[in-house]
>>> print(open('input.pdb').read())   # PDB, C-alpha atoms
MODEL        1
ATOM      1  CA  MET A   1       9.208  51.186  -3.550  1.00  0.00           C
ATOM      2  CA  GLU A   2       6.527  48.564  -3.046  1.00  0.00           C
ATOM      3  CA  ARG A   3       6.831  46.359   0.019  1.00  0.00           C
ATOM      4  CA  SER A   4       5.362  42.920   0.293  1.00  0.00           C
ATOM      5  CA  ILE A   5       4.657  41.104   3.481  1.00  0.00           C
ATOM      6  CA  SER A   6       4.923  37.360   3.465  1.00  0.00           C
ATOM      7  CA  VAL A   7       4.215  34.709   6.010  1.00  0.00           C
ATOM      8  CA  PRO A   8       7.121  32.319   6.595  1.00  0.00           C
ATOM      9  CA  LEU A   9       6.529  28.956   4.943  1.00  0.00           C
ATOM     10  CA  LYS A  10       6.858  27.050   8.208  1.00  0.00           C
ATOM     11  CA  THR A  11       3.822  28.761   9.691  1.00  0.00           C
ATOM     12  CA  ARG A  12       1.495  28.480   6.711  1.00  0.00           C
ATOM     13  CA  ARG A  13      -0.994  25.647   6.719  1.00  0.00           C
ATOM     14  CA  THR A  14      -2.581  24.508   3.491  1.00  0.00           C
ATOM     15  CA  VAL A  15      -6.334  24.622   3.555  1.00  0.00           C
ATOM     16  CA  MET A  16      -7.487  21.079   2.937  1.00  0.00           C
ATOM     17  CA  ASP A  17     -11.006  19.718   2.984  1.00  0.00           C
ATOM     18  CA  ALA A  18     -11.628  18.066   6.362  1.00  0.00           C
ATOM     19  CA  GLN A  19     -12.908  14.822   4.796  1.00  0.00           C
ATOM     20  CA  VAL A  20      -9.923  14.591   2.430  1.00  0.00           C
ATOM     21  CA  GLU A  21      -7.572  15.172   5.358  1.00  0.00           C
ATOM     22  CA  ALA A  22      -9.316  12.480   7.437  1.00  0.00           C
ATOM     23  CA  LEU A  23      -9.199   9.976   4.566  1.00  0.00           C
ATOM     24  CA  LEU A  24      -5.494  10.628   3.967  1.00  0.00           C
ATOM     25  CA  LYS A  25      -4.758  10.068   7.650  1.00  0.00           C
ATOM     26  CA  ASP A  26      -6.791   6.861   7.607  1.00  0.00           C
ATOM     27  CA  GLN A  27      -4.938   5.704   4.487  1.00  0.00           C
ATOM     28  CA  ILE A  28      -1.652   5.920   6.397  1.00  0.00           C
ATOM     29  CA  ASN A  29      -3.106   3.434   8.876  1.00  0.00           C
ATOM     30  CA  LYS A  30      -4.355   1.178   6.062  1.00  0.00           C
ATOM     31  CA  GLU A  31      -0.923   1.167   4.390  1.00  0.00           C
ATOM     32  CA  LEU A  32       0.785   0.300   7.679  1.00  0.00           C
ATOM     33  CA  PHE A  33      -1.787  -2.455   8.266  1.00  0.00           C
ATOM     34  CA  SER A  34      -0.924  -3.765   4.793  1.00  0.00           C
ATOM     35  CA  ALA A  35       2.745  -3.933   5.788  1.00  0.00           C
ATOM     36  CA  TYR A  36       1.807  -5.771   8.987  1.00  0.00           C
ATOM     37  CA  PHE A  37      -0.430  -8.140   7.003  1.00  0.00           C
ATOM     38  CA  TYR A  38       2.340  -8.932   4.527  1.00  0.00           C
ATOM     39  CA  LEU A  39       4.829  -9.574   7.315  1.00  0.00           C
ATOM     40  CA  ALA A  40       2.363 -12.088   8.777  1.00  0.00           C
ATOM     41  CA  ILE A  41       2.108 -13.792   5.379  1.00  0.00           C
ATOM     42  CA  ALA A  42       5.905 -13.783   5.074  1.00  0.00           C
ATOM     43  CA  GLY A  43       6.058 -15.584   8.406  1.00  0.00           C
ATOM     44  CA  PHE A  44       3.484 -18.120   7.222  1.00  0.00           C
ATOM     45  CA  TYR A  45       5.577 -18.971   4.153  1.00  0.00           C
ATOM     46  CA  GLN A  46       8.836 -18.981   6.130  1.00  0.00           C
ATOM     47  CA  GLY A  47       7.262 -21.579   8.395  1.00  0.00           C
ATOM     48  CA  ARG A  48       6.642 -23.735   5.319  1.00  0.00           C
ATOM     49  CA  SER A  49      10.253 -23.357   4.069  1.00  0.00           C
ATOM     50  CA  LEU A  50       9.121 -21.232   1.112  1.00  0.00           C
ATOM     51  CA  ASP A  51      11.757 -18.561   1.558  1.00  0.00           C
ATOM     52  CA  GLY A  52      11.133 -17.046  -1.886  1.00  0.00           C
ATOM     53  CA  PHE A  53       7.466 -16.446  -1.095  1.00  0.00           C
ATOM     54  CA  SER A  54       8.502 -15.112   2.300  1.00  0.00           C
ATOM     55  CA  HIS A  55      11.033 -12.766   0.701  1.00  0.00           C
ATOM     56  CA  TRP A  56       8.471 -11.469  -1.801  1.00  0.00           C
ATOM     57  CA  PHE A  57       6.064 -10.592   1.030  1.00  0.00           C
ATOM     58  CA  GLU A  58       8.821  -8.982   3.122  1.00  0.00           C
ATOM     59  CA  ARG A  59       9.621  -6.735   0.141  1.00  0.00           C
ATOM     60  CA  GLN A  60       5.904  -6.022  -0.212  1.00  0.00           C
ATOM     61  CA  ALA A  61       5.748  -4.999   3.454  1.00  0.00           C
ATOM     62  CA  HIS A  62       8.594  -2.505   2.892  1.00  0.00           C
ATOM     63  CA  GLU A  63       6.751  -1.107  -0.107  1.00  0.00           C
ATOM     64  CA  GLU A  64       3.584  -0.566   1.933  1.00  0.00           C
ATOM     65  CA  GLN A  65       5.577   1.236   4.622  1.00  0.00           C
ATOM     66  CA  ALA A  66       6.972   3.498   1.910  1.00  0.00           C
ATOM     67  CA  HIS A  67       3.415   4.252   0.756  1.00  0.00           C
ATOM     68  CA  ALA A  68       2.463   5.271   4.304  1.00  0.00           C
ATOM     69  CA  MET A  69       5.531   7.498   4.517  1.00  0.00           C
ATOM     70  CA  LYS A  70       4.693   9.139   1.194  1.00  0.00           C
ATOM     71  CA  ILE A  71       1.239  10.115   2.494  1.00  0.00           C
ATOM     72  CA  LEU A  72       2.641  11.211   5.849  1.00  0.00           C
ATOM     73  CA  ARG A  73       5.183  13.472   4.141  1.00  0.00           C
ATOM     74  CA  TYR A  74       2.470  14.934   1.909  1.00  0.00           C
ATOM     75  CA  LEU A  75       0.404  15.866   4.943  1.00  0.00           C
ATOM     76  CA  GLN A  76       3.448  17.224   6.762  1.00  0.00           C
ATOM     77  CA  ASP A  77       4.443  19.257   3.701  1.00  0.00           C
ATOM     78  CA  ASN A  78       0.983  20.790   3.932  1.00  0.00           C
ATOM     79  CA  ARG A  79       1.575  21.575   7.636  1.00  0.00           C
ATOM     80  CA  ILE A  80      -1.044  19.088   8.785  1.00  0.00           C
ATOM     81  CA  ASP A  81      -0.454  17.277  12.058  1.00  0.00           C
ATOM     82  CA  VAL A  82      -0.979  13.535  12.053  1.00  0.00           C
ATOM     83  CA  GLU A  83      -2.013  11.479  15.044  1.00  0.00           C
ATOM     84  CA  PHE A  84      -1.502   7.763  14.652  1.00  0.00           C
ATOM     85  CA  ALA A  85      -4.300   5.305  15.309  1.00  0.00           C
ATOM     86  CA  PRO A  86      -3.671   1.728  16.457  1.00  0.00           C
ATOM     87  CA  ILE A  87      -2.938  -0.780  13.724  1.00  0.00           C
ATOM     88  CA  ALA A  88      -5.227  -3.801  13.731  1.00  0.00           C
ATOM     89  CA  ALA A  89      -3.677  -7.237  14.080  1.00  0.00           C
ATOM     90  CA  PRO A  90      -3.765  -9.189  10.810  1.00  0.00           C
ATOM     91  CA  VAL A  91      -5.281 -12.642  10.595  1.00  0.00           C
ATOM     92  CA  ALA A  92      -2.774 -15.042   9.091  1.00  0.00           C
ATOM     93  CA  ASN A  93      -4.254 -18.475   9.685  1.00  0.00           C
ATOM     94  CA  PHE A  94      -4.138 -20.072   6.272  1.00  0.00           C
ATOM     95  CA  ALA A  95      -5.080 -23.612   5.307  1.00  0.00           C
ATOM     96  CA  ASP A  96      -2.691 -23.967   2.358  1.00  0.00           C
ATOM     97  CA  ASN A  97      -0.089 -22.174   0.243  1.00  0.00           C
ATOM     98  CA  ARG A  98      -2.678 -20.690  -2.129  1.00  0.00           C
ATOM     99  CA  GLU A  99      -4.886 -19.001   0.452  1.00  0.00           C
ATOM    100  CA  PRO A 100      -2.471 -16.136   1.304  1.00  0.00           C
ATOM    101  CA  LEU A 101      -2.144 -15.293  -2.382  1.00  0.00           C
ATOM    102  CA  GLU A 102      -5.906 -15.097  -2.751  1.00  0.00           C
ATOM    103  CA  ALA A 103      -6.152 -12.991   0.436  1.00  0.00           C
ATOM    104  CA  THR A 104      -3.458 -10.678  -0.936  1.00  0.00           C
ATOM    105  CA  LEU A 105      -5.348 -10.064  -4.163  1.00  0.00           C
ATOM    106  CA  ARG A 106      -8.559  -9.329  -2.239  1.00  0.00           C
ATOM    107  CA  HIS A 107      -6.640  -6.991   0.067  1.00  0.00           C
ATOM    108  CA  GLU A 108      -5.072  -5.076  -2.823  1.00  0.00           C
ATOM    109  CA  GLN A 109      -8.510  -4.720  -4.432  1.00  0.00           C
ATOM    110  CA  TYR A 110      -9.776  -3.296  -1.138  1.00  0.00           C
ATOM    111  CA  ILE A 111      -6.867  -0.819  -0.951  1.00  0.00           C
ATOM    112  CA  THR A 112      -7.585   0.189  -4.553  1.00  0.00           C
ATOM    113  CA  SER A 113     -11.193   0.951  -3.585  1.00  0.00           C
ATOM    114  CA  LEU A 114      -9.943   3.172  -0.743  1.00  0.00           C
ATOM    115  CA  VAL A 115      -7.561   5.052  -3.045  1.00  0.00           C
ATOM    116  CA  HIS A 116     -10.360   5.574  -5.570  1.00  0.00           C
ATOM    117  CA  ALA A 117     -12.704   6.871  -2.857  1.00  0.00           C
ATOM    118  CA  LEU A 118      -9.980   9.235  -1.657  1.00  0.00           C
ATOM    119  CA  TYR A 119      -9.381  10.481  -5.199  1.00  0.00           C
ATOM    120  CA  ARG A 120     -13.130  10.954  -5.742  1.00  0.00           C
ATOM    121  CA  GLU A 121     -13.454  12.908  -2.480  1.00  0.00           C
ATOM    122  CA  SER A 122     -10.465  15.095  -3.406  1.00  0.00           C
ATOM    123  CA  ARG A 123     -11.910  15.762  -6.848  1.00  0.00           C
ATOM    124  CA  ASP A 124     -15.323  16.611  -5.417  1.00  0.00           C
ATOM    125  CA  ALA A 125     -13.663  19.014  -2.962  1.00  0.00           C
ATOM    126  CA  ASP A 126     -11.765  20.689  -5.855  1.00  0.00           C
ATOM    127  CA  ASP A 127      -8.491  19.691  -4.167  1.00  0.00           C
ATOM    128  CA  PHE A 128      -6.528  19.354  -7.378  1.00  0.00           C
ATOM    129  CA  ARG A 129      -3.157  19.212  -5.634  1.00  0.00           C
ATOM    130  CA  THR A 130      -4.255  16.117  -3.713  1.00  0.00           C
ATOM    131  CA  CYS A 131      -5.723  14.622  -6.898  1.00  0.00           C
ATOM    132  CA  GLN A 132      -2.347  15.051  -8.574  1.00  0.00           C
ATOM    133  CA  PHE A 133      -0.601  13.506  -5.552  1.00  0.00           C
ATOM    134  CA  LEU A 134      -2.995  10.541  -5.619  1.00  0.00           C
ATOM    135  CA  GLU A 135      -2.481   9.805  -9.310  1.00  0.00           C
ATOM    136  CA  TRP A 136       0.715   7.953  -8.378  1.00  0.00           C
ATOM    137  CA  PHE A 137      -1.271   5.780  -5.951  1.00  0.00           C
ATOM    138  CA  VAL A 138      -3.954   5.047  -8.551  1.00  0.00           C
ATOM    139  CA  ALA A 139      -1.281   3.789 -10.966  1.00  0.00           C
ATOM    140  CA  GLU A 140       0.547   1.920  -8.193  1.00  0.00           C
ATOM    141  CA  GLN A 141      -2.604   0.053  -7.195  1.00  0.00           C
ATOM    142  CA  GLY A 142      -3.084  -1.098 -10.777  1.00  0.00           C
ATOM    143  CA  GLU A 143       0.427  -2.514 -10.631  1.00  0.00           C
ATOM    144  CA  GLU A 144      -0.182  -4.110  -7.211  1.00  0.00           C
ATOM    145  CA  GLU A 145      -3.313  -5.895  -8.411  1.00  0.00           C
ATOM    146  CA  LYS A 146      -1.603  -7.084 -11.583  1.00  0.00           C
ATOM    147  CA  ASN A 147       1.452  -8.428  -9.733  1.00  0.00           C
ATOM    148  CA  THR A 148      -0.536 -10.301  -7.107  1.00  0.00           C
ATOM    149  CA  GLY A 149      -2.992 -11.570  -9.729  1.00  0.00           C
ATOM    150  CA  ASP A 150      -0.098 -12.825 -11.856  1.00  0.00           C
ATOM    151  CA  ILE A 151       1.466 -14.714  -8.943  1.00  0.00           C
ATOM    152  CA  LEU A 152      -1.885 -16.283  -8.069  1.00  0.00           C
ATOM    153  CA  ALA A 153      -2.445 -17.275 -11.710  1.00  0.00           C
ATOM    154  CA  ARG A 154       1.015 -18.866 -11.933  1.00  0.00           C
ATOM    155  CA  TYR A 155       0.438 -20.700  -8.676  1.00  0.00           C
ATOM    156  CA  ASP A 156      -2.864 -22.007 -10.044  1.00  0.00           C
ATOM    157  CA  LEU A 157      -1.085 -23.256 -13.166  1.00  0.00           C
ATOM    158  CA  PHE A 158       1.476 -25.378 -11.356  1.00  0.00           C
ATOM    159  CA  GLY A 159       1.648 -24.624  -7.631  1.00  0.00           C
ATOM    160  CA  GLU A 160       0.682 -28.106  -6.524  1.00  0.00           C
ATOM    161  CA  ASP A 161       3.556 -29.670  -8.450  1.00  0.00           C
ATOM    162  CA  ALA A 162       6.601 -29.741  -6.134  1.00  0.00           C
ATOM    163  CA  ARG A 163       9.166 -28.952  -8.857  1.00  0.00           C
ATOM    164  CA  SER A 164       7.087 -26.097 -10.257  1.00  0.00           C
ATOM    165  CA  LEU A 165       6.500 -24.725  -6.760  1.00  0.00           C
ATOM    166  CA  TYR A 166      10.267 -24.847  -6.226  1.00  0.00           C
ATOM    167  CA  LEU A 167      10.821 -22.817  -9.415  1.00  0.00           C
ATOM    168  CA  LEU A 168       8.145 -20.247  -8.519  1.00  0.00           C
ATOM    169  CA  ASN A 169       9.656 -19.964  -5.041  1.00  0.00           C
ATOM    170  CA  ALA A 170      13.099 -19.371  -6.576  1.00  0.00           C
ATOM    171  CA  GLU A 171      11.661 -16.713  -8.908  1.00  0.00           C
ATOM    172  CA  LEU A 172       9.982 -14.866  -6.043  1.00  0.00           C
ATOM    173  CA  LYS A 173      13.230 -14.942  -4.073  1.00  0.00           C
ATOM    174  CA  GLY A 174      14.773 -12.729  -6.768  1.00  0.00           C
ATOM    175  CA  ARG A 175      12.522  -9.728  -6.066  1.00  0.00           C
ATOM    176  CA  VAL A 176      14.511  -6.614  -5.206  1.00  0.00           C
TER
ENDMDL
END
>>> encode(input="input.pdb", output="structure tokens")
Amino acid sequence: MERSISVPLKTRRTVMDAQVEALLKDQINKELFSAYFYLAIAGFYQGRSLDGFSHWFERQAHEEQAHAMKILRYLQDNRIDVEFAPIAAPVANFADNREPLEATLRHEQYITSLVHALYRESRDADDFRTCQFLEWFVAEQGEEEKNTGDILARYDLFGEDARSLYLLNAELKGRV
């Protein structure tokens, strides 16, 4: 009878390219910064009595935290320890109601560039499992850019009109 020897799953560590691992760990920090940034924007809008805008950004902050957790769990599932770096303080001094929307679109474009660089590095390292994991993030970033771009475009159409701003605020308040 043939006997096989196996190593318990808890003690096995997936071999991952060092640069891919470092970029994934850094992406956790970037996603948590995004959550922090969106909470700051939510506070900005709350201070201007735009509770729908504030609500939309609070929901966005929760989503970014979930992204960080998804990456953290992926690393943990691969038996990789994660040390957390400090999260930078976001700048949330905005001159008007439009500026945070523009900053959000720029920020999402920046996060997209990081996800693409991470995917490229994983592909170049022949880390196909991480490429597959990152495909969700690539698609998600397309959605993030579209959503923030759409809100900015709608604001530009009628955001200066008080009644239209009220309606856009009410629409954003409905985000679940």
>>> atom_distance(input="input.pdb", atom1="CA of Glu102 in chain A", atom2="CA of Arg59 in chain A")
17.9 Å
>>> resolve_selection(input="input.pdb", expression="the PyMOL selection byres ((chain A and resi 141) around 9)", output="count of residues only")
15
>>> resolve_selection(input="input.pdb", expression="the PyMOL selection byres ((chain A and resi 97) around 10)", output="list in words")
Phe44, Tyr45, Arg48, Leu50, Phe53, Phe94, Ala95, Asp96, Arg98, Glu99, Pro100, Leu101, Glu102, Tyr155, Gly159, Glu160 and Leu165 of chain A
>>> axis_aligned_box(input="input.pdb", around="range 66-75 of chain A", padding_each_side="5 Å", output="AutoDock Vina command-line options")
--center_x 3.7 --center_y 9.7 --center_z 3.3 --size_x 16.6 --size_y 22.4 --size_z 15.1
>>> closest_residue(input="input.pdb", among="A:His107, A:Arg175, A:Arg79, A:Arg73", to="Phe33 in chain A", atoms="only C-alpha atoms")
A:His107
>>> atom_distance(input="input.pdb", atom1="CA of Asp81 in chain A", atom2="CA of Gln65 in chain A")
18.7 Å
>>> residues_around(input="input.pdb", residues="Glu31 in chain A", least_positions_apart="5", cutoff="10 Å", atoms="only C-alpha atoms", output="PyMOL selection string")
chain A and resi 26+36-37+61+63-69+71+87+111
>>> residues_near_point(input="input.pdb", point="(-3.6, 14.7, -6.4)", cutoff="12 Å", atoms="all atoms listed in the file", output="PyMOL selection string")
chain A and resi 16+20+24+71+74+115-116+118-138
>>> atom_distance(input="input.pdb", atom1="CA of Leu39 in chain A", atom2="CA of Gln60 in chain A")
8.4 Å
>>> closest_residue(input="input.pdb", among="A:Leu114, A:Gln46, A:Val82, A:Ser34", to="His62 in chain A", atoms="all atoms listed in the file")
A:Ser34
>>> decode(input="input.pdb", residues="range 64-77 of chain A", atoms="all heavy atoms", output="CSV table (one decimal), in the first residue's frame")
chain,number,residue,atom,x,y,z
A,64,GLU,N,-14.6,50.7,0.4
A,64,GLU,CA,-13.1,50.7,0.4
A,64,GLU,C,-12.5,49.8,1.5
A,64,GLU,O,-11.5,49.1,1.3
A,64,GLU,CB,-12.5,52.1,0.5
A,64,GLU,CG,-13.0,53.0,-0.6
A,64,GLU,CD,-12.7,52.5,-2.0
A,64,GLU,OE1,-11.8,51.7,-2.3
A,64,GLU,OE2,-13.4,53.0,-3.0
A,65,GLN,N,-13.1,49.9,2.7
A,65,GLN,CA,-12.7,49.0,3.8
A,65,GLN,C,-12.9,47.5,3.4
A,65,GLN,O,-12.0,46.7,3.7
A,65,GLN,CB,-13.5,49.3,5.0
A,65,GLN,CG,-13.2,50.6,5.7
A,65,GLN,CD,-14.1,50.9,6.9
A,65,GLN,OE1,-15.3,50.6,6.8
A,65,GLN,NE2,-13.5,51.4,7.9
A,66,ALA,N,-14.0,47.2,2.7
A,66,ALA,CA,-14.2,45.8,2.2
A,66,ALA,C,-13.1,45.4,1.2
A,66,ALA,O,-12.7,44.3,1.2
A,66,ALA,CB,-15.6,45.7,1.6
A,67,HIS,N,-12.7,46.3,0.4
A,67,HIS,CA,-11.6,46.0,-0.6
A,67,HIS,C,-10.3,45.7,0.2
A,67,HIS,O,-9.7,44.7,-0.2
A,67,HIS,CB,-11.4,47.2,-1.5
A,67,HIS,CG,-12.5,47.6,-2.4
A,67,HIS,ND1,-12.5,48.7,-3.2
A,67,HIS,CD2,-13.7,47.0,-2.7
A,67,HIS,CE1,-13.6,48.8,-3.8
A,67,HIS,NE2,-14.4,47.7,-3.6
A,68,ALA,N,-10.0,46.5,1.2
A,68,ALA,CA,-8.8,46.2,2.0
A,68,ALA,C,-8.9,44.8,2.6
A,68,ALA,O,-8.0,44.0,2.7
A,68,ALA,CB,-8.6,47.3,3.1
A,69,MET,N,-10.1,44.5,3.2
A,69,MET,CA,-10.3,43.2,3.8
A,69,MET,C,-10.2,42.1,2.8
A,69,MET,O,-9.6,41.0,3.2
A,69,MET,CB,-11.7,43.1,4.5
A,69,MET,CG,-11.7,44.0,5.8
A,69,MET,SD,-10.5,43.6,7.0
A,69,MET,CE,-10.9,41.8,7.3
A,70,LYS,N,-10.6,42.3,1.6
A,70,LYS,CA,-10.5,41.2,0.6
A,70,LYS,C,-9.1,40.9,0.3
A,70,LYS,O,-8.7,39.7,0.2
A,70,LYS,CB,-11.3,41.7,-0.7
A,70,LYS,CG,-11.5,40.7,-1.7
A,70,LYS,CD,-12.3,41.3,-2.9
A,70,LYS,CE,-12.6,40.2,-3.9
A,70,LYS,NZ,-14.0,39.6,-3.7
A,71,ILE,N,-8.2,41.9,0.2
A,71,ILE,CA,-6.8,41.7,-0.1
A,71,ILE,C,-6.1,41.1,1.2
A,71,ILE,O,-5.3,40.1,1.0
A,71,ILE,CB,-6.1,43.0,-0.4
A,71,ILE,CG1,-6.7,43.6,-1.7
A,71,ILE,CG2,-4.6,42.8,-0.6
A,71,ILE,CD1,-6.3,45.0,-2.0
A,72,LEU,N,-6.5,41.6,2.3
A,72,LEU,CA,-5.9,41.0,3.6
A,72,LEU,C,-6.2,39.5,3.7
A,72,LEU,O,-5.4,38.7,3.9
A,72,LEU,CB,-6.5,41.7,4.8
A,72,LEU,CG,-6.1,41.2,6.2
A,72,LEU,CD1,-4.6,41.3,6.3
A,72,LEU,CD2,-6.8,41.9,7.3
A,73,ARG,N,-7.5,39.2,3.4
A,73,ARG,CA,-7.9,37.7,3.5
A,73,ARG,C,-7.1,36.9,2.4
A,73,ARG,O,-6.8,35.8,2.7
A,73,ARG,CB,-9.4,37.6,3.3
A,73,ARG,CG,-10.1,38.1,4.5
A,73,ARG,CD,-10.8,37.0,5.3
A,73,ARG,NE,-11.2,37.3,6.6
A,73,ARG,CZ,-11.8,38.3,7.1
A,73,ARG,NH1,-12.2,39.3,6.3
A,73,ARG,NH2,-12.1,38.5,8.4
A,74,TYR,N,-6.9,37.5,1.3
A,74,TYR,CA,-6.2,36.8,0.2
A,74,TYR,C,-4.8,36.5,0.7
A,74,TYR,O,-4.3,35.3,0.5
A,74,TYR,CB,-6.2,37.6,-1.1
A,74,TYR,CG,-5.4,36.9,-2.2
A,74,TYR,CD1,-5.9,35.8,-2.9
A,74,TYR,CD2,-4.1,37.4,-2.5
A,74,TYR,CE1,-5.1,35.2,-3.9
A,74,TYR,CE2,-3.4,36.8,-3.6
A,74,TYR,CZ,-3.9,35.7,-4.2
A,74,TYR,OH,-3.2,35.1,-5.2
A,75,LEU,N,-4.1,37.4,1.3
A,75,LEU,CA,-2.8,37.2,1.8
A,75,LEU,C,-2.8,36.2,2.9
A,75,LEU,O,-1.9,35.3,2.9
A,75,LEU,CB,-2.1,38.6,2.2
A,75,LEU,CG,-1.8,39.5,1.1
A,75,LEU,CD1,-1.4,40.9,1.6
A,75,LEU,CD2,-0.6,39.0,0.2
A,76,GLN,N,-3.7,36.4,3.8
A,76,GLN,CA,-3.8,35.4,4.9
A,76,GLN,C,-4.1,34.0,4.4
A,76,GLN,O,-3.5,33.0,5.0
A,76,GLN,CB,-4.9,35.9,5.9
A,76,GLN,CG,-4.5,37.1,6.7
A,76,GLN,CD,-5.6,37.7,7.6
A,76,GLN,OE1,-6.8,37.5,7.3
A,76,GLN,NE2,-5.2,38.4,8.6
A,77,ASP,N,-4.9,33.9,3.4
A,77,ASP,CA,-5.2,32.5,2.9
A,77,ASP,C,-4.0,31.9,2.3
A,77,ASP,O,-3.9,30.7,2.1
A,77,ASP,CB,-6.3,32.6,1.8
A,77,ASP,CG,-7.7,32.9,2.4
A,77,ASP,OD1,-7.9,32.8,3.7
A,77,ASP,OD2,-8.6,33.2,1.7
